[in-house]
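Heads up, data-v6.cif below (mmCIF, C-alpha atoms and all ligand atoms):
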```cif
data_protein
#
loop_
_atom_site.label_atom_id
_atom_site.label_comp_id
_atom_site.auth_asym_id
_atom_site.auth_seq_id
_atom_site.Cartn_x
_atom_site.Cartn_y
_atom_site.Cartn_z
CA MET A 1 3.64 3.03 -13.74
CA THR A 2 6.74 5.03 -12.91
CA GLU A 3 8.23 3.98 -9.61
CA GLY A 4 6.25 5.41 -6.69
CA SER A 5 3.58 7.26 -8.66
CA LEU A 6 0.49 6.39 -10.68
CA SER A 7 -0.70 7.86 -13.96
CA ARG A 8 -4.34 7.72 -12.84
CA LEU A 9 -5.58 8.34 -9.32
CA PRO A 10 -8.12 6.18 -7.48
CA ARG A 11 -11.60 7.46 -6.68
CA GLU A 12 -11.86 9.85 -3.73
CA ASN A 13 -15.18 8.34 -2.59
CA ILE A 14 -15.79 4.62 -2.69
CA GLU A 15 -19.21 3.47 -1.54
CA LEU A 16 -19.32 0.14 0.26
CA PRO A 17 -22.31 -2.18 0.26
CA GLY A 18 -24.16 -1.73 3.53
CA GLY A 19 -23.86 2.03 3.70
CA ALA A 20 -20.34 3.15 4.61
CA VAL A 21 -18.06 5.21 2.35
CA LEU A 22 -14.29 5.34 2.02
CA ARG A 23 -13.47 9.03 1.64
CA ARG A 24 -10.19 10.73 0.86
CA ARG A 25 -8.84 11.67 4.28
CA SER A 26 -8.62 15.40 3.58
CA THR A 27 -12.34 15.62 2.72
CA VAL A 28 -13.22 14.77 6.34
CA SER A 29 -12.49 17.13 9.22
CA ASP A 30 -9.52 16.77 11.55
CA ASP A 31 -11.98 16.95 14.47
CA ALA A 32 -13.84 13.86 13.27
CA PHE A 33 -10.55 11.96 12.86
CA ILE A 34 -9.18 13.03 16.25
CA ASP A 35 -12.46 12.23 18.07
CA ALA A 36 -12.64 8.72 16.63
CA VAL A 37 -9.02 7.78 17.29
CA ALA A 38 -8.78 9.47 20.71
CA ALA A 39 -11.81 7.52 21.92
CA ASP A 40 -10.33 4.20 20.81
CA VAL A 41 -6.57 4.14 21.39
CA GLY A 42 -6.92 1.03 23.58
CA HIS A 43 -8.29 -0.95 20.62
CA LEU A 44 -6.46 0.67 17.71
CA GLY A 45 -3.16 1.11 19.50
CA GLU A 46 -2.85 -2.61 20.04
CA TRP A 47 -1.94 -3.03 16.37
CA LEU A 48 -1.33 0.46 14.92
CA ARG A 49 1.86 2.32 15.74
CA TRP A 50 0.32 5.71 14.97
CA ALA A 51 -2.56 5.14 17.42
CA GLN A 52 -0.56 4.63 20.61
CA HIS A 53 -1.87 7.89 22.08
CA PRO A 54 -4.70 10.31 21.31
CA PRO A 55 -3.62 12.26 18.21
CA THR A 56 -2.73 15.90 18.78
CA ARG A 57 -4.13 18.58 16.50
CA GLU A 58 -0.65 19.50 15.30
CA GLU A 59 0.34 15.98 14.27
CA THR A 60 -3.08 15.34 12.74
CA GLU A 61 -2.77 18.46 10.58
CA GLY A 62 0.76 17.49 9.60
CA PHE A 63 -0.13 13.92 8.60
CA ARG A 64 -3.22 15.08 6.73
CA ALA A 65 -1.23 17.62 4.72
CA GLU A 66 1.44 15.03 3.91
CA GLN A 67 -1.19 12.47 2.89
CA ASP A 68 -2.91 15.04 0.70
CA ALA A 69 0.34 15.85 -1.12
CA ASP A 70 1.07 12.14 -1.57
CA TRP A 71 -2.40 11.61 -3.06
CA ASP A 72 -2.02 14.48 -5.52
CA ALA A 73 1.39 13.14 -6.55
CA GLY A 74 -0.06 9.63 -7.09
CA ARG A 75 2.18 8.14 -4.41
CA SER A 76 -0.23 6.82 -1.77
CA PHE A 77 -3.90 7.08 -0.91
CA VAL A 78 -5.27 7.43 2.60
CA TYR A 79 -9.00 7.15 3.25
CA VAL A 80 -11.29 7.32 6.26
CA LEU A 81 -14.53 5.38 6.58
CA THR A 82 -17.68 7.29 7.36
CA PRO A 83 -21.39 6.54 7.31
CA ALA A 84 -22.84 7.22 3.84
CA ASP A 85 -24.59 10.45 4.79
CA ARG A 86 -22.00 11.96 7.14
CA PHE A 87 -18.63 13.69 6.95
CA ASP A 88 -18.39 14.33 10.70
CA LYS A 89 -18.15 10.77 11.97
CA VAL A 90 -15.19 8.48 11.38
CA LEU A 91 -15.78 4.72 11.67
CA GLY A 92 -12.30 3.65 10.60
CA GLY A 93 -9.96 4.00 7.65
CA GLY A 94 -7.92 2.37 4.93
CA ALA A 95 -5.01 3.10 2.65
CA MET A 96 -3.19 2.00 -0.48
CA PHE A 97 0.55 2.56 -0.74
CA PRO A 98 3.58 1.20 -2.60
CA ASN A 99 5.71 -1.27 -0.67
CA GLY A 100 8.80 -1.34 -2.81
CA GLU A 101 7.84 -3.77 -5.56
CA ASP A 102 6.98 -2.22 -8.90
CA GLY A 103 3.31 -2.69 -9.83
CA VAL A 104 2.29 -3.76 -6.33
CA LEU A 105 0.21 -1.75 -3.88
CA GLU A 106 -0.24 -2.71 -0.25
CA ILE A 107 -3.43 -1.96 1.62
CA GLY A 108 -4.09 -1.29 5.28
CA TYR A 109 -7.35 -0.94 7.21
CA TRP A 110 -8.66 -0.14 10.68
CA VAL A 111 -12.11 -0.04 12.22
CA CYS A 112 -13.05 1.65 15.51
CA SER A 113 -14.36 -0.76 18.12
CA PRO A 114 -18.03 0.36 18.04
CA ALA A 115 -18.17 -0.56 14.32
CA THR A 116 -16.25 -3.86 14.45
CA GLY A 117 -17.63 -7.36 13.90
CA ARG A 118 -19.96 -6.33 11.08
CA GLY A 119 -17.76 -7.02 8.11
CA LEU A 120 -16.74 -3.39 7.64
CA ALA A 121 -12.99 -4.05 7.43
CA THR A 122 -13.64 -6.93 5.05
CA ARG A 123 -15.75 -4.76 2.75
CA ALA A 124 -13.28 -1.87 2.92
CA ALA A 125 -10.38 -4.20 2.06
CA ALA A 126 -12.42 -5.73 -0.77
CA ALA A 127 -13.21 -2.29 -2.21
CA LEU A 128 -9.58 -1.13 -1.98
CA THR A 129 -8.43 -4.35 -3.62
CA GLU A 130 -10.78 -3.82 -6.56
CA GLU A 131 -9.85 -0.14 -6.80
CA GLY A 132 -6.13 -0.89 -6.73
CA LEU A 133 -6.28 -3.71 -9.27
CA GLY A 134 -8.14 -1.34 -11.59
CA LEU A 135 -5.33 1.25 -11.59
CA PRO A 136 -2.94 1.38 -14.55
CA GLY A 137 0.26 -0.55 -13.98
CA ILE A 138 -0.94 -2.34 -10.86
CA LYS A 139 -0.56 -6.09 -11.17
CA ALA A 140 -1.10 -7.18 -7.57
CA MET A 141 -2.28 -6.04 -4.17
CA GLU A 142 -0.78 -7.10 -0.85
CA ILE A 143 -1.88 -7.17 2.77
CA HIS A 144 0.82 -7.46 5.43
CA CYS A 145 -0.43 -8.57 8.81
CA ASP A 146 1.33 -9.59 11.99
CA GLN A 147 0.66 -13.23 12.74
CA ALA A 148 -0.64 -12.40 16.22
CA ASN A 149 -3.37 -10.15 14.79
CA VAL A 150 -5.81 -13.01 14.32
CA ARG A 151 -8.90 -10.94 13.49
CA SER A 152 -7.08 -9.04 10.79
CA ALA A 153 -5.44 -12.19 9.42
CA GLY A 154 -8.89 -13.63 8.73
CA ILE A 155 -9.63 -10.92 6.18
CA PRO A 156 -7.22 -11.52 3.24
CA PRO A 157 -8.09 -15.22 2.69
CA ARG A 158 -11.80 -14.31 2.63
CA LEU A 159 -11.02 -11.97 -0.26
CA GLY A 160 -9.08 -14.44 -2.39
CA TYR A 161 -5.59 -13.39 -1.26
CA ARG A 162 -3.04 -16.19 -0.97
CA LEU A 163 -0.30 -16.38 1.63
CA LEU A 164 3.06 -15.73 -0.07
CA ARG A 165 5.32 -16.00 2.94
CA ILE A 166 5.77 -15.26 6.61
CA GLU A 167 8.79 -13.11 7.36
CA PRO A 168 10.39 -11.56 10.42
CA ASP A 169 9.41 -7.91 10.90
CA GLU A 170 10.30 -5.52 13.70
CA PRO A 171 7.24 -5.38 16.03
CA GLN A 172 5.54 -1.97 15.76
CA THR A 173 3.37 -2.38 18.86
CA ALA A 174 3.56 -4.38 22.09
CA ALA A 175 1.02 -6.94 20.81
CA GLU A 176 2.85 -7.79 17.59
CA ALA A 177 4.75 -11.06 17.43
CA GLY A 178 7.27 -9.80 14.88
CA GLN A 179 6.25 -12.31 12.21
CA SER A 180 4.56 -10.66 9.25
CA MET A 181 2.16 -12.62 7.01
CA VAL A 182 2.44 -11.39 3.41
CA TRP A 183 -0.80 -11.95 1.49
CA ARG A 184 -1.13 -11.24 -2.23
CA HIS A 185 -4.00 -10.90 -4.73
CA ASP A 186 -2.97 -10.77 -8.38
CA GLY A 187 -6.46 -10.36 -9.80
CA ALA A 188 -6.72 -13.97 -10.88
CA GLY A 189 -8.97 -16.48 -9.15
CA PRO A 190 -11.85 -15.46 -6.90
CA ARG A 191 -12.41 -11.70 -6.87
CA PRO A 192 -13.12 -9.97 -3.58
CA LEU A 193 -16.66 -10.20 -2.33
CA LEU A 194 -18.50 -6.95 -1.89
CA GLN A 195 -21.77 -8.11 -0.43
CA ALA A 196 -23.71 -6.20 2.22
CA PRO A 197 -23.89 -7.69 5.73
C1 LIG B 201 -8.90 -6.13 12.74
C2 LIG B 201 -10.04 -5.17 12.40
C3 LIG B 201 -9.64 -4.37 11.16
C4 LIG B 201 -11.29 -5.97 12.13
O1 LIG B 201 -12.34 -5.08 11.76
P1 LIG B 201 -13.84 -5.61 11.59
O2 LIG B 201 -14.61 -4.58 10.87
O3 LIG B 201 -14.34 -6.09 12.90
O4 LIG B 201 -13.59 -6.85 10.64
P2 LIG B 201 -14.74 -7.69 9.92
O5 LIG B 201 -16.04 -7.45 10.60
O6 LIG B 201 -14.65 -7.42 8.48
O7 LIG B 201 -14.26 -9.14 10.20
C5 LIG B 201 -14.24 -9.52 11.56
C6 LIG B 201 -15.37 -10.50 11.85
O8 LIG B 201 -16.67 -10.06 11.51
C7 LIG B 201 -17.34 -11.12 10.79
N1 LIG B 201 -18.36 -10.56 9.91
C8 LIG B 201 -19.53 -10.14 10.37
N2 LIG B 201 -20.28 -9.71 9.34
C9 LIG B 201 -19.56 -9.87 8.22
C10 LIG B 201 -19.80 -9.62 6.83
N3 LIG B 201 -20.95 -9.12 6.39
N4 LIG B 201 -18.83 -9.84 5.95
C11 LIG B 201 -17.65 -10.34 6.37
N5 LIG B 201 -17.38 -10.62 7.66
C12 LIG B 201 -18.33 -10.39 8.58
C13 LIG B 201 -16.24 -11.81 10.10
O9 LIG B 201 -16.56 -13.16 9.80
C14 LIG B 201 -15.15 -11.76 11.12
O10 LIG B 201 -15.34 -12.83 12.00
P3 LIG B 201 -14.29 -13.30 13.07
O11 LIG B 201 -14.82 -12.80 14.36
O12 LIG B 201 -14.30 -14.77 12.93
O13 LIG B 201 -12.96 -12.70 12.73
C15 LIG B 201 -10.31 -4.20 13.58
O14 LIG B 201 -10.52 -4.94 14.76
C16 LIG B 201 -9.19 -3.21 13.79
O15 LIG B 201 -9.22 -2.13 13.24
N6 LIG B 201 -8.18 -3.53 14.61
C17 LIG B 201 -7.10 -2.59 14.92
C18 LIG B 201 -6.29 -2.21 13.70
C19 LIG B 201 -5.81 -3.41 12.93
O16 LIG B 201 -5.53 -4.45 13.48
N7 LIG B 201 -5.67 -3.23 11.60
C20 LIG B 201 -5.15 -4.26 10.73
C21 LIG B 201 -3.65 -4.24 10.72
S1 LIG B 201 -3.01 -5.56 9.70
#
```

Kindly transcribe the structure held in the file into structure tokens.
Ligand SMILES: CC(C)(COP(=O)(O)OP(=O)(O)OC[C@H]1O[C@@H](n2cnc3c(N)ncnc32)[C@H](O)[C@@H]1OP(=O)(O)O)[C@@H](O)C(=O)NCCC(=O)NCCS
Amino acid sequence: MTEGSLSRLPRENIELPGGAVLRRRSTVSDDAFIDAVAADVGHLGEWLRWAQHPPTREETEGFRAEQDADWDAGRSFVYVLTPADRFDKVLGGGAMFPNGEDGVLEIGYWVCSPATGRGLATRAAAALTEEGLGLPGIKAMEIHCDQANVRSAGIPPRLGYRLLRIEPDEPQTAAEAGQSMVWRHDGAGPRPLLQAP
């Protein structure tokens, strides 16, 4: 792996057990993305800096174009979650991106409130972990999670990640405590579970 880019790209569609699909962001309409986030800023904005307000069309188009270029260049990979048979409904999203350490990809995930509590974030994180560990040159995956985000912090240990350290990090939202838990999966030990609910 050359720094910041991959020689082979991840799959654009990753089916999850239980019926949802992670799709490359640009294959789903801006309308579907905007509708989902705009309806849920109270929930998402608690922990996601980019979801503090309903997304405008202009910024959504800009981010999507940037994310598309980054995907093509092998730099980072942004997905949205949809039901298996639909491109017009966004349930959440996920991403894989470099975080500075060679051979390590970090993942992020978010699920809109109507779809929470059913294991969707866990299955999305499991699928991204498997996908990332299968890419050439990737030796480990990480999840960084503010210590105050208790629901999110429950996900990495369920998937076989181990806590490397807790480090100070500038809070990105009002809810964050400013202490970031750094979880790592190096492919050894228990592999992520991908069972249906
Ligand atoms: C945190 C967040 C991702 C959780 O999403 P979710 O889809 O509800 O998460 P999961 O369902 O996988 O896990 C949450 C709970 O569902 C339970 N669950 C239900 N069915 C499950 C299944 N089949 N498999 C695994 N867990 C299941 C889990 O045990 C977990 O229980 P808990 O209430 O003890 O935590 C979501 O609330 C969110 O997007 N928040 C805002 C953005 C955010 O915080 N992103 C993470 C930044 S680090």

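Across A:Ala32, A:Ala121, A:Cys145, A:Val150, the tightest approach to Asp169 (chain A) is made by A:Cys145 when counting only C-alpha atoms.
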
Please, which residues are within 9 Å of (-16.8, 6.3, 12.0) by the file's coordinates, counting only C-alpha atoms, and could they come as a ChimeraX atom specification? /A:20,32-33,36,80-83,88-93,111-112,114-115

What does the structure give for the distance between CA of Leu164 (chain A) and CA of Asn149 (chain A), in Å to one decimal? 17.1 Å

Could you give me, as an MDAnalysis selection string, every polymer residue with an atom at most 7 Å away from an atom of ligand LIG 201 (chain B), counting only C-alpha atoms and all ligand atoms? chainID A and resid 43:44 46:48 108:113 115:123 144:146 149 151:152 154:155 195:197

Considering only C-alpha atoms, can you say which of A:Thr56, A:Phe97, A:Ser26, A:Ala38 comes closest to Ala69 (chain A)? A:Ser26

Could you work out how far CA of Gly178 (chain A) lies from CA of Gly42 (chain A), giving the answer in Å with one decimal?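 These two atoms are separated by 19.9 Å.
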
N, CA and C atoms are needed for region 34-51 of chain A; please write them out as a short mmCIF file (atom, residue, chain, number, x, y, z; two decimals), keeping the file's coordinate frame.
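Just written: rebuild-v2.cif:
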```
data_model
loop_
_atom_site.label_atom_id
_atom_site.label_comp_id
_atom_site.auth_asym_id
_atom_site.auth_seq_id
_atom_site.Cartn_x
_atom_site.Cartn_y
_atom_site.Cartn_z
N ILE A 34 -9.75 13.01 14.88
CA ILE A 34 -9.18 13.03 16.25
C ILE A 34 -10.17 12.40 17.24
N ASP A 35 -11.46 12.77 17.13
CA ASP A 35 -12.46 12.23 18.07
C ASP A 35 -12.49 10.71 18.01
N ALA A 36 -12.50 10.17 16.79
CA ALA A 36 -12.64 8.72 16.63
C ALA A 36 -11.42 7.98 17.19
N VAL A 37 -10.23 8.48 16.86
CA VAL A 37 -9.02 7.78 17.29
C VAL A 37 -8.79 7.97 18.79
N ALA A 38 -9.01 9.19 19.28
CA ALA A 38 -8.78 9.47 20.71
C ALA A 38 -9.67 8.60 21.59
N ALA A 39 -10.87 8.32 21.12
CA ALA A 39 -11.81 7.52 21.92
C ALA A 39 -11.47 6.04 21.89
N ASP A 40 -10.51 5.63 21.07
CA ASP A 40 -10.33 4.20 20.81
C ASP A 40 -8.87 3.77 20.78
N VAL A 41 -8.00 4.50 21.47
CA VAL A 41 -6.57 4.14 21.39
C VAL A 41 -6.30 2.76 22.00
N GLY A 42 -7.12 2.35 22.96
CA GLY A 42 -6.92 1.03 23.58
C GLY A 42 -7.07 -0.09 22.56
N HIS A 43 -8.03 0.04 21.67
CA HIS A 43 -8.29 -0.95 20.62
C HIS A 43 -7.33 -0.77 19.45
N LEU A 44 -7.27 0.44 18.91
CA LEU A 44 -6.46 0.67 17.71
C LEU A 44 -4.97 0.56 18.00
N GLY A 45 -4.58 1.07 19.17
CA GLY A 45 -3.16 1.11 19.50
C GLY A 45 -2.54 -0.26 19.70
N GLU A 46 -3.39 -1.26 19.89
CA GLU A 46 -2.85 -2.61 20.04
C GLU A 46 -2.06 -3.03 18.79
N TRP A 47 -2.54 -2.56 17.62
CA TRP A 47 -1.94 -3.03 16.37
C TRP A 47 -1.42 -1.91 15.48
N LEU A 48 -1.74 -0.65 15.80
CA LEU A 48 -1.33 0.46 14.92
C LEU A 48 -0.35 1.38 15.66
N ARG A 49 0.83 1.52 15.08
CA ARG A 49 1.86 2.32 15.74
C ARG A 49 1.43 3.77 15.92
N TRP A 50 0.68 4.30 14.93
CA TRP A 50 0.32 5.71 14.97
C TRP A 50 -0.84 5.99 15.93
N ALA A 51 -1.41 4.94 16.52
CA ALA A 51 -2.56 5.14 17.42
C ALA A 51 -2.22 4.78 18.86
#
```
